[in-house]
Amino acid sequence: MTTWSEHTIWWQLHPISFTGAEPAALPAGAPAAHRLGRIEAWLDYLVELGCNGLALGPIFASESHGYDTVDHFRIDPRLGSSADFDHLVRACRERGIRLLLDGVFNHVGRGFPAFQDVLARGAASSYASWFRLDFEAGGPDGFGYADFEGHRGLVALNHGEPAVQDYVAGVLGHWLERGADGWRLDAAYAVPLAFWRTVTGRVRRDHPQAWFAGELIHGDFVAAIREGGLDSVTQYELWKAIWSSLNDGNFFELAWALDRHDSFAAAFRPLTFVGNHDVTRLASKLADPRHFAHALVILLTVAGTPSIYAGDEQAFRGVKYERADGDAEIRPAFPDSPGDLAPDGWPVYRLHQDLIGLRRRHHWLVRSSTELLHLENQALAYRAVDPDGSPGLAVLLNTSAADVEFPLASVPYKRLLASADDDGAPGHRVAPHGWAILELQPG
């Protein structure tokens with residue numbers, strides 16, 4: 001486990017859409033567009049938010065959205081050049097920002113040179129073993145091939161092939177050498193754990209401080225760490241429980257998920273989030289906008305490595321649709337600079353600053369556990385337990401239409417943050433649709 005990752009809070013963005021790049025690859029020979037520089041204009045904004053990590057979506061040459069890679073060693077010309085990447089690395093280093101890259105190694109685009117060779121040569125191709133092919137299947141290509149979840153433009157790699165392992169290890173090491181600090185491994189749940197262990201183990205010999213976080217939507221999270229050699233995985237269980245419990249008025253679901261989360265956090269630091277580039281924006285997902293802050297309070301008072309999806313800190317809205325171009329609303333182009341953002345999002349930005357600042361001042365939260373203090377359908381209190389022995393924090397959440405006086409033990413406390421109606425409120429009372437965070441005192 002790297003030590004720096006325990007102090008990192010990520011700001012995540014999808015570079016192709018963020019910078020307003022073309023939705024499809026540029027024609028062969030077209031000059032690079034040099035859009036990576038637009039991200040630099042947002043680095044101070046990231047730091048002022050309280051984050052110190054930049055998590056980039058795909059930046060390598062691809063056919064469309066970035067997850068159909070055709071060259072993992074080349075920056076997508078829609079974004080710029082290798083020199084642009086180097087400049088972004090330097091800009092991050094000057095501000096103390098860690099850089100996370102997005103690696104798509106379960107599958108590649110049909111334009112990937114090795115697959116093009118198979119299309120041209122069939123079973124005689126020296127790259128035939130790189131893919132899971134069926135030369136008896138026929139079809140428009142003359143053979144069948146495994147793909148990613150039915151998307152024929154995404155050709156699945158054969159992860160048992162040593163040459164594929166060599167290729168992926170080479171890609172990971174190349175960009176770590178160029179200045180990246182770690183990798184988000186896309187669709188990690190679809191790749192054999194033995195492959196990740198082999199590849200990451202090889203890369204760690206030269207880059208022992210590299211951090212590897214796998215995208216797991218389902219599956220055995222702890223096994224991905226223990227058997228796959230990863231440092232973290234995406235905590236989709238907690239993400240779902242947060243918005244679902246708030247929408248349904250069912251904190252019993254969240255309590256169950258927090259218990260599960262504690263079991264994961266005892267083994268590793270989960271990558272936590274309430275929004276990312278693949279899901280409906282939190283502001284659109286929640287049935288009641290008064291509960292946006294509750295979701296953020298939970299995210300920033302439980303164990304793990306938090307990630308903020310760019311725009312969520314301004315309460316951007318957007319719905320993910322299961323159709324062609326269904327990600328358009330959740331992946332908008334950003335303006336040239338933060339000064340061009342609409343004024344109505346800044347109060348939410350300041351809320352993020354307050355809660356991230358609280359987490360920074362209580363750095364042990366990354367390693368904390370939760371102790372249930374009170375549970376009703378629409379009222380929940382838990383203690384964030386400090387593993388170093390301080391009394392910790394009490395988090396009080398009320399999504400009901402009535403005041404809640406939480407029946408907690410009479411212990412000294414200091415009220416740190418609260419919703420507007422609860423600012424300065426006495427005792428353990430929380431107003432309708434309100435929340436409060438208390439610092440428990442010794443004695």
# chains A, B, ... in the order shown; residues from 1 in each chain; ligands from 1

$ select_by_dssp --residues "range 7-142 of chain A" --states "helix (DSSP H, G or I)" --output "JSON, numbers by chain"
{"A": [7, 15, 16, 17, 18, 36, 37, 38, 39, 40, 43, 44, 45, 46, 47, 48, 49, 82, 83, 84, 85, 86, 87, 88, 89, 90, 91, 92, 93, 94, 113, 114, 115, 116, 117, 118, 119, 120, 121, 122, 123, 124, 128, 129, 130]}

$ residues_around --residues "range 342-353 of chain A" --least-positions-apart "3" --cutoff "8 Å" --atoms "only C-alpha atoms" --output "list in words"
Glu48, Leu49, Gly50, Ala293, Leu296, Glu313, Gln314, Ala315, Phe316, Ile356 and Gly357 of chain A

$ closest_atom_pairs --of "range 184-288 of chain A" --to "range 131-149 of chain A" --cutoff "12 Å" --atoms "only C-alpha atoms" --output "Markdown table"
| residue | atom | partner | partner_atom | distance |
| --- | --- | --- | --- | --- |
| A:Asp186 | CA | A:Phe148 | CA | 11.5 |
| A:Ala187 | CA | A:Phe148 | CA | 9.1 |
| A:Ala188 | CA | A:Phe148 | CA | 11.8 |
| A:Tyr189 | CA | A:Phe148 | CA | 11.5 |
| A:Ala190 | CA | A:Phe148 | CA | 8.5 |
| A:Val191 | CA | A:Phe148 | CA | 10.7 |

$ write_last_selection --atoms "all heavy atoms" --output "short mmCIF file (atom, residue, chain, number, x, y, z; two decimals), in the first residue's frame"
data_model
loop_
_atom_site.label_atom_id
_atom_site.label_comp_id
_atom_site.auth_asym_id
_atom_site.auth_seq_id
_atom_site.Cartn_x
_atom_site.Cartn_y
_atom_site.Cartn_z
N ASP A 186 -9.74 0.00 -15.98
CA ASP A 186 -11.12 -0.07 -16.45
C ASP A 186 -11.59 -1.52 -16.57
O ASP A 186 -10.82 -2.40 -16.98
CB ASP A 186 -11.21 0.62 -17.82
CG ASP A 186 -12.62 0.67 -18.35
OD1 ASP A 186 -13.44 1.41 -17.79
OD2 ASP A 186 -12.90 -0.05 -19.33
N ALA A 187 -12.87 -1.73 -16.24
CA ALA A 187 -13.49 -3.06 -16.37
C ALA A 187 -12.64 -4.15 -15.75
O ALA A 187 -12.56 -5.27 -16.27
CB ALA A 187 -13.77 -3.37 -17.84
N ALA A 188 -12.03 -3.83 -14.61
CA ALA A 188 -11.16 -4.82 -13.94
C ALA A 188 -11.92 -6.08 -13.57
O ALA A 188 -11.33 -7.17 -13.47
CB ALA A 188 -10.52 -4.20 -12.71
N TYR A 189 -13.22 -5.95 -13.35
CA TYR A 189 -14.04 -7.10 -12.97
C TYR A 189 -14.14 -8.14 -14.09
O TYR A 189 -14.48 -9.30 -13.83
CB TYR A 189 -15.45 -6.64 -12.58
CG TYR A 189 -16.19 -5.88 -13.67
CD1 TYR A 189 -16.96 -6.54 -14.61
CD2 TYR A 189 -16.11 -4.49 -13.75
CE1 TYR A 189 -17.62 -5.84 -15.61
CE2 TYR A 189 -16.77 -3.79 -14.75
CZ TYR A 189 -17.53 -4.47 -15.67
OH TYR A 189 -18.18 -3.77 -16.66
N ALA A 190 -13.86 -7.75 -15.33
CA ALA A 190 -13.97 -8.66 -16.47
C ALA A 190 -12.64 -9.35 -16.79
O ALA A 190 -12.58 -10.16 -17.72
CB ALA A 190 -14.47 -7.90 -17.70
N VAL A 191 -11.61 -9.05 -16.03
CA VAL A 191 -10.26 -9.56 -16.30
C VAL A 191 -9.87 -10.54 -15.19
O VAL A 191 -10.13 -10.28 -14.01
CB VAL A 191 -9.25 -8.38 -16.35
CG1 VAL A 191 -7.83 -8.90 -16.53
CG2 VAL A 191 -9.63 -7.41 -17.47
#

$ closest_residue --among "A:Val411, A:Ile217, A:Leu416, A:Val404" --to "His374 in chain A" --atoms "only C-alpha atoms"
A:Val404

$ closest_residue --among "A:His261, A:His291, A:His428, A:Arg38" --to "Val233 in chain A" --atoms "only C-alpha atoms"
A:His261

$ atom_distance --atom1 "CA of Val118 in chain A" --atom2 "CA of Glu215 in chain A"
28.7 Å

$ residues_around --residues "range 56-72 of chain A" --least-positions-apart "4" --cutoff "9 Å" --atoms "only C-alpha atoms" --output "MDAnalysis selection string"
chainID A and resid 11:17 22:26 76:79 99:105 107:113 153:155 168 171 184 186 277

$ closest_residue --among "A:Val203, A:Leu36, A:Ala55, A:Ile298" --to "Ala310 in chain A" --atoms "only C-alpha atoms"
A:Ala55

$ select_by_dssp --residues "range 38-201 of chain A" --states "strand (DSSP E or B)" --output "PyMOL selection string"
chain A and resi 53-56+60-62+69-75+98-103+107-109+131+133-134+144-145+147-148+151-157+182-185

$ residues_around --residues "Gly389 in chain A" --least-positions-apart "4" --cutoff "12 Å" --atoms "only C-alpha atoms" --output "compact mmCIF listing (two decimals) with C-alpha atoms, in the first residue's frame"
# COMPACT_ATOMS: atom_id res chain seq x y z
CA TRP A 364 -7.68 9.39 10.35
CA ARG A 367 -8.80 4.46 8.09
CA SER A 368 -11.92 4.83 10.22
CA SER A 369 -14.82 2.49 10.91
CA ALA A 384 -16.78 7.68 12.83
CA VAL A 385 -14.31 5.72 14.94
CA LEU A 393 -16.97 12.19 15.20
CA LEU A 440 -16.81 14.11 20.43
CA GLN A 441 -14.70 15.23 23.38
CA PRO A 442 -12.85 13.17 26.00

$ residues_around --residues "Gln235 in chain A" --least-positions-apart "3" --cutoff "8 Å" --atoms "only C-alpha atoms" --output "PyMOL selection string"
chain A and resi 216-217+238-239+270-273

$ atom_distance --atom1 "CA of Gly249 in chain A" --atom2 "CA of Tyr321 in chain A"
24.9 Å

$ closest_residue --among "A:Ala224, A:Val199, A:Leu258, A:Leu119" --to "Gly170 in chain A" --atoms "only C-alpha atoms"
A:Val199

$ closest_residue --among "A:Asp354, A:Asp84, A:Asp117, A:Glu439" --to "Ser390 in chain A" --atoms "only C-alpha atoms"
A:Glu439

$ closest_residue --among "A:Gly326, A:Phe252, A:His34, A:Gly29" --to "Glu376 in chain A" --atoms "only C-alpha atoms"
A:Phe252

$ residues_around --residues "Tyr167 in chain A" --least-positions-apart "5" --cutoff "12 Å" --atoms "only C-alpha atoms" --output "ChimeraX atom specification"
/A:71-73,105,114,130,157-159,161-162,172-174,199,202-203

$ residues_around --residues "Asp44 in chain A" --least-positions-apart "2" --cutoff "10 Å" --atoms "only C-alpha atoms" --output "ChimeraX atom specification"
/A:40-42,46-52,91-92,95,97,338

$ atom_distance --atom1 "CA of Asp278 in chain A" --atom2 "CA of Ala266 in chain A"
27.0 Å
